[in-house]
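Quick look at query-v8.txt (compact mmCIF, C-alpha atoms):
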```txt
# COMPACT_ATOMS: atom_id res chain seq x y z
CA MET J 161 227.94 141.87 79.77
CA GLU J 162 224.75 143.29 78.32
CA PRO J 163 224.49 146.95 79.39
CA SER J 164 221.61 147.68 81.73
CA LEU J 165 219.07 150.44 81.19
CA ALA J 166 218.47 150.74 84.93
CA THR J 167 218.91 154.07 86.65
CA PRO J 168 217.61 155.16 90.04
CA ARG J 169 214.54 156.52 88.20
CA THR J 170 213.79 153.28 86.38
CA THR J 171 214.67 150.71 89.02
CA VAL J 172 211.56 148.71 89.85
CA HIS J 173 210.95 148.65 93.59
CA ARG J 174 207.64 146.77 93.66
CA LEU J 175 208.21 143.03 93.02
CA PRO J 176 211.77 143.56 91.69
CA LYS J 177 211.96 139.91 90.53
CA ARG J 178 209.59 140.86 87.72
CA ALA J 179 211.94 143.55 86.40
CA ALA J 180 214.44 143.38 83.53
CA TYR J 181 216.83 146.00 82.25
CA ASP J 182 218.47 144.37 79.23
CA ARG J 183 217.96 145.50 75.66
CA ALA J 184 216.86 142.12 74.31
CA THR J 185 213.92 141.90 76.71
CA ILE J 186 212.96 145.56 76.28
CA ASN J 187 213.27 145.44 72.48
CA ALA J 188 211.08 142.34 72.15
CA ILE J 189 208.24 144.02 74.06
CA LEU J 190 208.59 147.30 72.14
CA ASP J 191 208.54 145.40 68.86
CA GLU J 192 205.44 143.32 69.61
CA ALA J 193 203.31 146.21 70.90
CA LEU J 194 201.28 148.06 68.26
CA ILE J 195 201.04 151.27 70.24
CA CYS J 196 202.66 153.04 73.14
CA HIS J 197 201.29 155.55 75.64
CA LEU J 198 203.38 158.71 75.67
CA GLY J 199 203.48 160.84 78.80
CA PHE J 200 204.46 164.51 78.78
CA VAL J 201 203.79 167.55 80.93
CA ALA J 202 202.06 170.70 79.66
CA ASP J 203 201.32 173.58 82.03
CA GLY J 204 202.10 171.30 84.97
CA GLN J 205 199.47 168.75 83.90
CA PRO J 206 200.59 165.25 82.88
CA PHE J 207 199.03 163.98 79.65
CA VAL J 208 199.09 160.38 78.42
CA ILE J 209 198.34 159.92 74.74
CA PRO J 210 198.19 156.64 72.79
CA THR J 211 200.30 156.73 69.65
CA ILE J 212 202.07 154.40 67.25
CA HIS J 213 205.75 153.80 67.90
CA ALA J 214 208.45 151.83 66.13
CA ARG J 215 211.90 150.83 67.25
CA ARG J 216 215.02 150.87 65.09
CA SER J 217 218.22 149.82 66.75
CA GLU J 218 218.52 151.80 69.99
CA SER J 219 215.82 154.42 69.30
CA VAL J 220 212.04 154.56 69.20
CA PHE J 221 210.27 156.74 66.63
CA ILE J 222 206.92 158.45 67.11
CA HIS J 223 205.20 160.63 64.55
CA GLY J 224 202.16 162.75 63.85
CA SER J 225 200.86 166.03 62.55
CA GLN J 226 202.98 169.13 62.86
CA ALA J 227 200.13 170.67 64.88
CA ASN J 228 200.12 167.85 67.45
CA ARG J 229 200.65 169.23 70.98
CA MET J 230 202.35 166.07 72.22
CA LEU J 231 204.96 166.27 69.46
CA ARG J 232 205.41 170.03 69.81
CA THR J 233 206.05 169.57 73.54
CA ALA J 234 208.40 166.62 73.11
CA ARG J 235 210.26 168.27 70.23
CA GLY J 236 211.16 171.14 72.54
CA GLY J 237 213.28 168.80 74.66
CA ALA J 238 210.73 168.14 77.40
CA GLU J 239 211.13 164.95 79.42
CA VAL J 240 208.81 162.21 78.21
CA CYS J 241 207.87 158.71 79.29
CA LEU J 242 207.07 156.10 76.66
CA THR J 243 205.24 153.03 77.98
CA VAL J 244 204.06 149.91 76.18
CA THR J 245 202.02 147.10 77.71
CA LEU J 246 201.03 143.69 76.41
CA ILE J 247 198.35 141.82 78.35
CA ASP J 248 198.85 138.05 78.28
CA GLY J 249 196.27 136.74 80.71
CA LEU J 250 193.97 137.17 83.67
CA VAL J 251 195.14 135.42 86.82
CA ALA J 252 192.26 134.10 88.92
CA ALA J 253 193.40 133.30 92.45
CA ARG J 254 191.63 131.71 95.42
CA SER J 255 191.51 135.05 97.23
CA ALA J 256 190.34 138.37 95.84
CA PHE J 257 193.61 139.97 96.96
CA LYS J 258 195.84 137.67 94.88
CA HIS J 259 194.06 138.22 91.58
CA SER J 260 196.48 139.57 89.01
CA MET J 261 197.32 139.84 85.34
CA ASN J 262 200.06 138.35 83.26
CA TYR J 263 201.65 141.13 81.24
CA ARG J 264 204.83 142.46 79.70
CA SER J 265 205.50 146.19 79.93
CA VAL J 266 208.30 148.62 79.16
CA VAL J 267 208.80 152.12 80.53
CA LEU J 268 211.35 154.38 78.81
CA LEU J 269 212.38 157.82 80.06
CA GLY J 270 214.23 160.52 78.18
CA THR J 271 214.03 163.39 75.76
CA ALA J 272 213.30 163.09 72.08
CA THR J 273 214.91 164.84 69.14
CA GLU J 274 213.32 165.70 65.82
CA VAL J 275 214.20 163.71 62.73
CA SER J 276 214.19 166.42 60.09
CA GLU J 277 216.69 165.38 57.44
CA PRO J 278 214.40 164.20 54.58
CA ALA J 279 216.06 160.83 53.90
CA GLU J 280 216.21 160.00 57.62
CA LYS J 281 212.61 161.10 58.06
CA LEU J 282 211.48 158.90 55.20
CA ALA J 283 213.41 155.97 56.66
CA ALA J 284 211.79 156.56 60.05
CA LEU J 285 208.30 156.59 58.49
CA ARG J 286 209.16 153.37 56.70
CA THR J 287 210.15 151.87 60.06
CA ILE J 288 206.81 152.95 61.53
CA VAL J 289 204.70 151.47 58.70
CA GLU J 290 206.77 148.28 58.73
CA HIS J 291 206.39 148.02 62.50
CA ILE J 292 202.62 147.87 62.17
CA ILE J 293 202.33 145.87 58.93
CA PRO J 294 205.65 144.26 57.92
CA GLY J 295 206.11 144.29 54.14
CA ARG J 296 203.53 147.02 53.59
CA TRP J 297 205.85 149.91 52.70
CA ASP J 298 206.87 148.51 49.33
CA GLU J 299 203.24 147.79 48.37
CA VAL J 300 201.95 151.36 48.70
CA ARG J 301 202.46 154.88 47.40
CA GLN J 302 205.42 156.46 49.18
CA PRO J 303 205.06 159.83 50.95
CA ASN J 304 205.42 162.90 48.76
CA GLU J 305 207.11 166.12 49.76
CA ALA J 306 203.93 167.76 51.09
CA GLU J 307 203.12 164.72 53.24
CA LEU J 308 206.64 164.65 54.62
CA LYS J 309 206.37 168.34 55.52
CA GLN J 310 203.06 167.81 57.32
CA THR J 311 204.53 165.05 59.46
CA THR J 312 206.72 165.48 62.51
CA VAL J 313 208.94 162.53 63.43
CA LEU J 314 210.71 162.30 66.78
CA SER J 315 213.32 159.86 67.96
CA LEU J 316 213.64 158.82 71.60
CA PRO J 317 216.93 157.09 72.45
CA ILE J 318 216.56 153.87 74.45
CA THR J 319 219.00 154.71 77.21
CA GLU J 320 217.00 154.64 80.44
CA GLY J 321 214.18 152.23 81.09
CA SER J 322 212.89 149.00 82.48
CA ALA J 323 210.71 146.07 81.58
CA LYS J 324 208.33 144.37 83.95
CA ILE J 325 206.95 140.91 83.28
CA ARG J 326 204.50 138.67 85.10
CA THR J 327 203.91 135.12 83.92
CA GLY J 328 202.42 131.94 85.32
CA ALA J 329 199.88 130.87 87.85
CA ALA J 330 198.23 132.56 90.80
CA LEU J 331 200.38 132.89 93.92
CA ASP J 332 197.93 132.23 96.71
CA ASP J 333 198.57 132.35 100.41
CA LYS J 334 199.60 128.92 101.71
CA GLU J 335 196.43 128.33 103.68
CA ASP J 336 194.23 129.29 100.72
CA TYR J 337 195.39 126.34 98.58
CA ALA J 338 193.15 124.10 100.69
CA LEU J 339 190.05 126.09 99.77
CA PRO J 340 187.66 124.45 97.26
CA ILE J 341 188.02 127.45 94.91
CA TRP J 342 189.07 127.18 91.28
CA ALA J 343 192.25 129.06 90.38
CA GLY J 344 193.99 129.44 87.08
CA VAL J 345 194.79 131.67 84.15
CA LEU J 346 192.57 132.95 81.36
CA PRO J 347 194.99 133.48 78.47
CA LEU J 348 194.40 136.57 76.33
CA ARG J 349 195.73 137.32 72.91
CA LEU J 350 195.21 139.83 70.16
CA VAL J 351 193.67 138.05 67.19
CA ILE J 352 193.55 139.31 63.62
CA GLY J 353 190.27 138.76 61.80
CA ALA J 354 189.75 138.30 58.08
CA PRO J 355 190.78 141.42 56.10
CA ILE J 356 187.86 143.68 55.11
CA PRO J 357 188.57 145.19 51.68
CA ASP J 358 187.71 148.83 51.13
CA GLU J 359 184.42 149.20 49.20
CA ARG J 360 186.28 151.14 46.56
CA CYS J 361 188.93 148.44 46.14
CA ALA J 362 188.44 146.68 42.79
CA ALA J 363 187.74 142.96 43.19
CA ALA J 364 190.59 142.24 40.79
CA ILE J 365 193.11 143.60 43.31
CA ALA J 366 194.39 140.61 45.26
CA ILE J 367 194.98 140.79 48.99
CA PRO J 368 198.72 141.43 49.27
CA ARG J 369 201.13 139.25 51.19
CA SER J 370 201.56 141.74 54.05
CA ILE J 371 197.85 141.47 54.81
CA ALA J 372 197.15 137.85 53.89
CA GLU J 373 200.02 136.57 56.05
CA TYR J 374 199.69 139.07 58.87
CA GLN J 375 200.74 137.79 62.28
CA ARG J 376 201.53 139.41 65.60
CA GLY J 377 202.87 138.04 68.86
CA GLY J 378 203.57 134.54 70.01
CA MET E 647 171.15 167.57 77.45
CA GLU E 648 173.92 165.18 78.42
CA PRO E 649 176.62 167.16 80.27
CA SER E 650 179.94 167.41 78.45
CA LEU E 651 183.30 166.57 79.98
CA ALA E 652 185.08 168.95 77.61
CA THR E 653 187.28 171.71 78.98
CA PRO E 654 189.94 173.74 77.19
CA ARG E 655 192.46 171.12 78.38
CA THR E 656 190.52 168.15 77.05
CA THR E 657 189.15 169.55 73.81
CA VAL E 658 190.52 167.53 70.91
CA HIS E 659 192.10 169.77 68.29
CA ARG E 660 193.44 167.14 65.90
CA LEU E 661 190.59 165.61 63.87
CA PRO E 662 187.85 166.98 66.17
CA LYS E 663 185.18 164.89 64.40
CA ARG E 664 186.62 161.85 66.14
CA ALA E 665 186.08 163.35 69.60
CA ALA E 666 183.24 162.76 72.07
CA TYR E 667 182.64 164.27 75.47
CA ASP E 668 179.53 162.51 76.75
CA ARG E 669 179.49 160.12 79.69
CA ALA E 670 177.87 157.24 77.84
CA THR E 671 180.66 157.07 75.24
CA ILE E 672 183.42 157.58 77.81
CA ASN E 673 181.97 155.04 80.26
CA ALA E 674 181.63 152.32 77.62
CA ILE E 675 185.32 152.61 76.71
CA LEU E 676 186.44 152.72 80.35
CA ASP E 677 184.33 149.64 81.09
CA GLU E 678 185.60 147.54 78.19
CA ALA E 679 189.31 148.27 78.75
CA LEU E 680 191.11 145.88 81.12
CA ILE E 681 193.83 148.36 82.05
CA CYS E 682 194.59 152.04 81.95
CA HIS E 683 197.85 153.94 81.69
CA LEU E 684 198.20 156.42 84.54
CA GLY E 685 200.36 159.50 84.08
CA PHE E 686 201.83 161.47 86.96
CA VAL E 687 204.80 163.76 87.53
CA ALA E 688 207.58 163.02 90.04
CA ASP E 689 210.59 165.35 90.33
CA GLY E 690 209.54 167.01 87.06
CA GLN E 691 209.61 163.72 85.16
CA PRO E 692 206.39 162.34 83.68
CA PHE E 693 205.79 158.64 84.38
CA VAL E 694 203.21 156.43 82.65
CA ILE E 695 202.38 153.20 84.45
CA PRO E 696 199.92 150.49 83.33
CA THR E 697 197.45 149.58 86.05
CA ILE E 698 194.02 148.04 86.49
CA HIS E 699 191.14 150.49 86.79
CA ALA E 700 187.42 150.10 87.34
CA ARG E 701 184.59 152.57 86.98
CA ARG E 702 181.66 152.93 89.33
CA SER E 703 179.17 155.63 88.52
CA GLU E 704 181.12 158.84 87.92
CA SER E 705 184.47 157.74 89.39
CA VAL E 706 187.33 155.46 88.40
CA PHE E 707 189.17 153.42 91.04
CA ILE E 708 192.81 152.41 90.91
CA HIS E 709 194.61 150.39 93.56
CA GLY E 710 197.92 148.89 94.56
CA SER E 711 200.45 148.43 97.30
CA GLN E 712 200.83 151.11 99.93
CA ALA E 713 204.49 151.41 98.86
CA ASN E 714 203.59 152.14 95.22
CA ARG E 715 205.10 155.48 94.09
CA MET E 716 202.33 156.16 91.60
CA LEU E 717 199.67 155.86 94.30
CA ARG E 718 201.69 157.81 96.87
CA THR E 719 202.08 160.64 94.36
CA ALA E 720 198.45 160.63 93.29
CA ARG E 721 197.18 160.33 96.86
CA GLY E 722 198.93 163.59 97.69
CA GLY E 723 196.62 165.47 95.33
CA ALA E 724 198.93 165.62 92.32
CA GLU E 725 197.36 166.07 88.92
CA VAL E 726 197.04 162.79 87.04
CA CYS E 727 195.98 161.66 83.59
CA LEU E 728 194.20 158.33 83.20
CA THR E 729 194.12 157.01 79.64
CA VAL E 730 192.58 153.84 78.23
CA THR E 731 192.89 152.63 74.65
CA LEU E 732 191.17 149.83 72.76
CA ILE E 733 192.65 148.88 69.38
CA ASP E 734 190.01 147.71 66.93
CA GLY E 735 191.86 147.40 63.64
CA LEU E 736 194.74 148.26 61.36
CA VAL E 737 193.78 150.51 58.47
CA ALA E 738 195.76 149.77 55.32
CA ALA E 739 195.53 152.64 52.83
CA ARG E 740 196.79 153.07 49.27
CA SER E 741 199.45 155.55 50.41
CA ALA E 742 201.87 155.11 53.30
CA PHE E 743 200.75 158.48 54.70
CA LYS E 744 197.09 157.46 55.10
CA HIS E 745 197.72 154.28 57.06
CA SER E 746 195.94 154.44 60.39
CA MET E 747 194.37 152.45 63.20
CA ASN E 748 190.81 152.05 64.33
CA TYR E 749 190.68 152.63 68.05
CA ARG E 750 188.65 153.95 70.94
CA SER E 751 190.45 155.92 73.65
CA VAL E 752 189.59 157.99 76.70
CA VAL E 753 191.72 160.60 78.44
CA LEU E 754 190.67 161.76 81.92
CA LEU E 755 192.34 164.57 83.86
CA GLY E 756 192.03 165.39 87.53
CA THR E 757 193.15 164.65 91.03
CA ALA E 758 192.38 161.49 92.95
CA THR E 759 191.35 161.04 96.56
CA GLU E 760 192.04 158.08 98.79
CA VAL E 761 189.24 155.67 99.63
CA SER E 762 190.08 154.84 103.23
CA GLU E 763 186.78 154.06 104.97
CA PRO E 764 186.89 150.22 105.25
CA ALA E 765 183.43 149.45 103.83
CA GLU E 766 183.96 151.86 100.92
CA LYS E 767 187.42 150.44 100.30
CA LEU E 768 186.06 146.90 100.25
CA ALA E 769 183.32 147.98 97.84
CA ALA E 770 185.91 149.62 95.58
CA LEU E 771 188.03 146.45 95.53
CA ARG E 772 184.93 144.47 94.68
CA THR E 773 184.33 146.87 91.77
CA ILE E 774 187.90 146.32 90.56
CA VAL E 775 187.71 142.50 90.69
CA GLU E 776 184.27 142.54 89.05
CA HIS E 777 185.55 144.87 86.33
CA ILE E 778 188.16 142.32 85.28
CA ILE E 779 186.17 139.10 85.86
CA PRO E 780 182.45 139.76 86.39
CA GLY E 781 180.98 137.40 88.96
CA ARG E 782 184.36 136.48 90.45
CA TRP E 783 184.09 138.35 93.77
CA ASP E 784 181.47 136.04 95.25
CA GLU E 785 183.43 132.92 94.24
CA VAL E 786 186.63 133.73 96.15
CA ARG E 787 187.95 134.46 99.62
CA GLN E 788 187.27 138.09 100.50
CA PRO E 789 190.08 140.40 101.64
CA ASN E 790 190.99 140.23 105.30
CA GLU E 791 191.96 143.19 107.46
CA ALA E 792 195.70 142.84 106.80
CA GLU E 793 195.15 142.72 103.03
CA LEU E 794 192.92 145.77 103.18
CA LYS E 795 195.62 147.66 105.10
CA GLN E 796 198.29 146.72 102.57
CA THR E 797 196.20 148.08 99.72
CA THR E 798 195.77 151.70 98.73
CA VAL E 799 192.64 152.57 96.76
CA LEU E 800 192.22 155.90 94.99
CA SER E 801 189.17 157.37 93.32
CA LEU E 802 189.42 159.73 90.35
CA PRO E 803 186.22 161.64 89.59
CA ILE E 804 185.17 161.60 85.94
CA THR E 805 184.71 165.33 85.50
CA GLU E 806 187.15 166.38 82.79
CA GLY E 807 187.98 164.25 79.81
CA SER E 808 187.43 163.23 76.25
CA ALA E 809 187.01 160.16 74.09
CA LYS E 810 188.50 159.76 70.63
CA ILE E 811 187.24 157.16 68.20
CA ARG E 812 188.27 156.13 64.71
CA THR E 813 186.22 153.60 62.79
CA GLY E 814 185.85 152.50 59.21
CA ALA E 815 187.86 152.35 56.04
CA ALA E 816 191.00 154.07 54.84
CA LEU E 817 190.58 157.68 53.73
CA ASP E 818 192.83 157.95 50.73
CA ASP E 819 193.59 160.98 48.62
CA LYS E 820 191.18 161.22 45.69
CA GLU E 821 193.78 160.47 43.05
CA ASP E 822 195.07 157.43 44.95
CA TYR E 823 191.78 155.52 44.58
CA ALA E 824 192.74 154.79 40.99
CA LEU E 825 195.96 153.04 42.04
CA PRO E 826 195.96 149.23 41.78
CA ILE E 827 196.76 148.93 45.48
CA TRP E 828 194.71 146.89 47.95
CA ALA E 829 193.21 148.89 50.81
CA GLY E 830 191.12 147.74 53.72
CA VAL E 831 190.97 147.00 57.41
CA LEU E 832 192.52 144.19 59.43
CA PRO E 833 190.16 143.80 62.39
CA LEU E 834 191.79 143.11 65.75
CA ARG E 835 190.21 141.77 68.89
CA LEU E 836 191.25 140.47 72.25
CA VAL E 837 190.43 136.77 72.41
CA ILE E 838 190.17 134.66 75.54
CA GLY E 839 191.72 131.21 75.33
CA ALA E 840 190.69 128.08 77.23
CA PRO E 841 191.20 128.48 81.00
CA ILE E 842 194.41 126.91 82.33
CA PRO E 843 193.74 125.49 85.80
CA ASP E 844 196.39 125.98 88.47
CA GLU E 845 198.48 122.80 88.96
CA ARG E 846 197.43 122.78 92.59
CA CYS E 847 193.74 123.05 91.75
CA ALA E 848 192.00 119.73 92.53
CA ALA E 849 190.43 118.18 89.43
CA ALA E 850 187.14 117.90 91.33
CA ILE E 851 186.84 121.70 91.44
CA ALA E 852 184.73 122.70 88.48
CA ILE E 853 185.54 125.76 86.39
CA PRO E 854 183.24 128.44 87.81
CA ARG E 855 180.74 130.40 85.79
CA SER E 856 182.78 133.63 85.84
CA ILE E 857 185.61 131.85 84.02
CA ALA E 858 183.66 129.42 81.85
CA GLU E 859 181.43 132.16 80.43
CA TYR E 860 184.04 134.90 80.29
CA GLN E 861 183.53 137.44 77.53
CA ARG E 862 184.94 140.87 76.77
CA GLY E 863 184.15 143.46 74.15
CA GLY E 864 181.91 143.34 71.11
```
Since I need it in another form, could you write the structure as C-alpha cells?
Amino acid sequence: MEPSLATPRTTVHRLPKRAAYDRATINAILDEALICHLGFVADGQPFVIPTIHARRSESVFIHGSQANRMLRTARGGAEVCLTVTLIDGLVAARSAFKHSMNYRSVVLLGTATEVSEPAEKLAALRTIVEHIIPGRWDEVRQPNEAELKQTTVLSLPITEGSAKIRTGAALDDKEDYALPIWAGVLPLRLVIGAPIPDERCAAAIAIPRSIAEYQRGG
Amino acid sequence: MEPSLATPRTTVHRLPKRAAYDRATINAILDEALICHLGFVADGQPFVIPTIHARRSESVFIHGSQANRMLRTARGGAEVCLTVTLIDGLVAARSAFKHSMNYRSVVLLGTATEVSEPAEKLAALRTIVEHIIPGRWDEVRQPNEAELKQTTVLSLPITEGSAKIRTGAALDDKEDYALPIWAGVLPLRLVIGAPIPDERCAAAIAIPRSIAEYQRGG
C-alpha cells in the first residue's frame, strides 16, 4: 500500500473527501506548480514568501541568496510550511454561498536541511532550472564557483503533508436547482505567450527547443 | 505624499529596487489576484493555506466555515501574513544563475478582526463574490440567515506591507552577452476558457453577463 503522508497536523478536517495523502497525487501537484509559498516564523510573526521550488524524488528544493531571511531561518532548522496551489476554475453556483473554485493544492510541513556539498548543490540547481523550463540547463552557461557560493539551497523532505482537490460543477442546495439562475464553471489555465527575445539577443540565435516547445499543465 | 506601508518588518532587503510600499501598487495586485496564501502559527508550526480574499478600501476580507482552523486562529488575534502572487513570465537568461521570473507580489502583516454585524458581514461576502466574478452577486440567490451563521468573515487592515515586482528582460553578466545563447521572456497569463454550464442548468437559461464578459488581468 502506498504510504500516506497524513499526520494529525496534516489531516484535512474541512471537506475531507477532497483530501489526498499519497505521493503520486502530491508529487503531480508539486511538479506542475511553478512556485510555492513558504511559511516560516521570525520573532513570532508568520511570513509567507513566494519562491521557486522543485521536487526530486521525495524532497523539495528551494534556493536563493545567502542573505535571504527566509532561507537563513529555514536553514537553522525552523519548522516551515511549503504550500502550492493550482487554480483550475471558478465555480458559479445558483446561490452566493455555494460559489467556489476548482483547485489543486499541497501543504507540506517539516524542517529543511542545507544542501552544501558542491556536486549535490549543482544537481539541486539543475533540478530547479529544469522544473521551470525543462531542457534549459544544457542550453545555458552553468553556475561558476562564485555563483554557487552566493546561492543557498535547502531541501525539505516530503514526509508530512496533504493534497486538497476540488473538481467539477457547483453543488447547490436541492431547492436552488429550480431557480432560473445560470450555474457552471469558468475554466482557468495558465497560458504561455510567444517568446519575447532579449533586445541584445542576436537575430541569428534561434529560439531553443526548451522555449519553442514549452508547455505546462494539462 | 502617499503614505507608505513600510515598517522594519516589511522593508524588502533583497533587491530593494523591486519593492513598493504605496497603496495604489499594493491594491492593484491584491485586486487582480484570485486567491491569497494566509500564514498563521498553530502550536509553534507555521501553516500556509490558500484562500479567497477580497479588498475593500483599506482592508482585506477572508472567509470560510466557522470550523476552519485558520479562521479560528486568526479570529483570536494571532499575527497573520497574507501574501498574493501573480506570475507574469519566465525569464530565460544566458546563464543558469540569472534565470528568474517576472511577478508581482504583496505581503501584508497584521491581525484580523471578525466581521460579525449581519449587514457588514453580508456586505463583506458581497465584496468577496464580486472580487472573483464582478457582477455576480446580483444574479444569484443571496445568503440566508443559516448560511450567514455558518460563515466566518475576518477583516485584515492594510497597514503594514510591501509589494515586490520584477518586470523585463534577463539581466545577464556582462561577459555572458557575447555567448551564442538565446535569452528572453516567456510571458504567462491566466486565460479563461469557454463557460461550462452545469448539467442541471436548463438550456433556456442564458449565460449571464458576469460570465459571458468575464475578464481578469491585463
Give me, as a tab-separated table, the closest atom pair and its distance (Å, one decimal) for every residue of chain E within a cut-off of 7 Å of chain J, counting all atoms listed in the file, rows sorted by chain and rising number.
```
residue	atom	partner	partner_atom	distance
E:Arg660	CA	J:Asn228	CA	6.9
E:Gly685	CA	J:Val208	CA	5.9
E:Phe686	CA	J:Pro206	CA	5.7
E:Val687	CA	J:Pro206	CA	6.4
E:Gln691	CA	J:Glu239	CA	6.1
E:Pro692	CA	J:Phe200	CA	5.7
E:Phe693	CA	J:Cys241	CA	5.5
E:Val694	CA	J:Gly199	CA	5.9
E:Pro696	CA	J:Thr245	CA	6.9
E:Asn714	CA	J:Arg174	CA	6.9
E:Glu725	CA	J:Gln205	CA	6.1
E:Val726	CA	J:Pro206	CA	6.0
E:Cys727	CA	J:Phe207	CA	5.5
E:Thr729	CA	J:Val208	CA	6.1
E:Thr731	CA	J:Pro210	CA	6.9
E:Arg740	CA	J:Val300	CA	5.5
E:Ser741	CA	J:Arg301	CA	4.3
E:Ala742	CA	J:Gln302	CA	5.6
E:Phe743	CA	J:Pro303	CA	5.9
E:Trp783	CA	J:Ala256	CA	6.6
E:Val786	CA	J:Ser255	CA	5.2
E:Arg787	CA	J:Ser255	CA	4.3
E:Gln788	CA	J:Ala256	CA	5.6
E:Pro789	CA	J:Phe257	CA	5.9
E:Glu793	CA	J:Phe257	CA	6.8
E:Ala815	CA	J:Asp358	CA	6.0
E:Pro826	CA	J:Ile365	CA	6.5
E:Ile827	CA	J:Val300	CA	6.6
E:Trp828	CA	J:Ile365	CA	5.9
E:Ala829	CA	J:Asp358	CA	5.5
E:Gly830	CA	J:Pro357	CA	4.1
E:Val831	CA	J:Ile356	CA	5.1
E:Leu832	CA	J:Pro355	CA	4.7
E:Pro833	CA	J:Gly353	CA	5.1
E:Leu834	CA	J:Ile352	CA	4.7
E:Arg835	CA	J:Val351	CA	5.4
E:Leu836	CA	J:Leu350	CA	4.5
E:Val837	CA	J:Arg349	CA	5.4
E:Ile838	CA	J:Leu348	CA	4.7
E:Gly839	CA	J:Pro347	CA	5.1
E:Ala840	CA	J:Leu346	CA	6.7
E:Pro841	CA	J:Leu346	CA	4.7
E:Ile842	CA	J:Val345	CA	5.1
E:Pro843	CA	J:Gly344	CA	4.2
E:Asp844	CA	J:Gly344	CA	4.4
E:Cys847	CA	J:Trp342	CA	6.3
E:Ile851	CA	J:Trp342	CA	5.9
E:Ala852	CA	J:Trp342	CA	6.8
E:Ile853	CA	J:Trp342	CA	6.2
E:Pro854	CA	J:Trp342	CA	6.9
```
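For the atom pair formed by CA of Ala792 in chain E and CA of Lys324 in chain J, the distance is 26.2 Å, given to one decimal.
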(request) Go ahead and compute the interatomic distance for CA of Gln861 in chain E and CA of Ser703 in chain E, in Å to one decimal. (result) 21.7 Å
(message) I want to know what sits within 12 Å of Leu800 in chain E, based on all atoms listed in the file, with residues of the same chain fewer than 6 positions away left out; could you give that as number ranges by chain?
(response) E: 698-701, 705-712, 714, 716-723, 726, 757-763, 766-767, 770-771, 774
(request) Tell me, in Å to one decimal, how far CA of Pro654 in chain E is from CA of Ser808 in chain E. (result) 10.8 Å
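Remark: for Gly781 in chain E, the closest of the candidate residues E:Ser650, E:Glu859, E:Ser801, E:Arg669 is E:Glu859 (distances computed over only C-alpha atoms).
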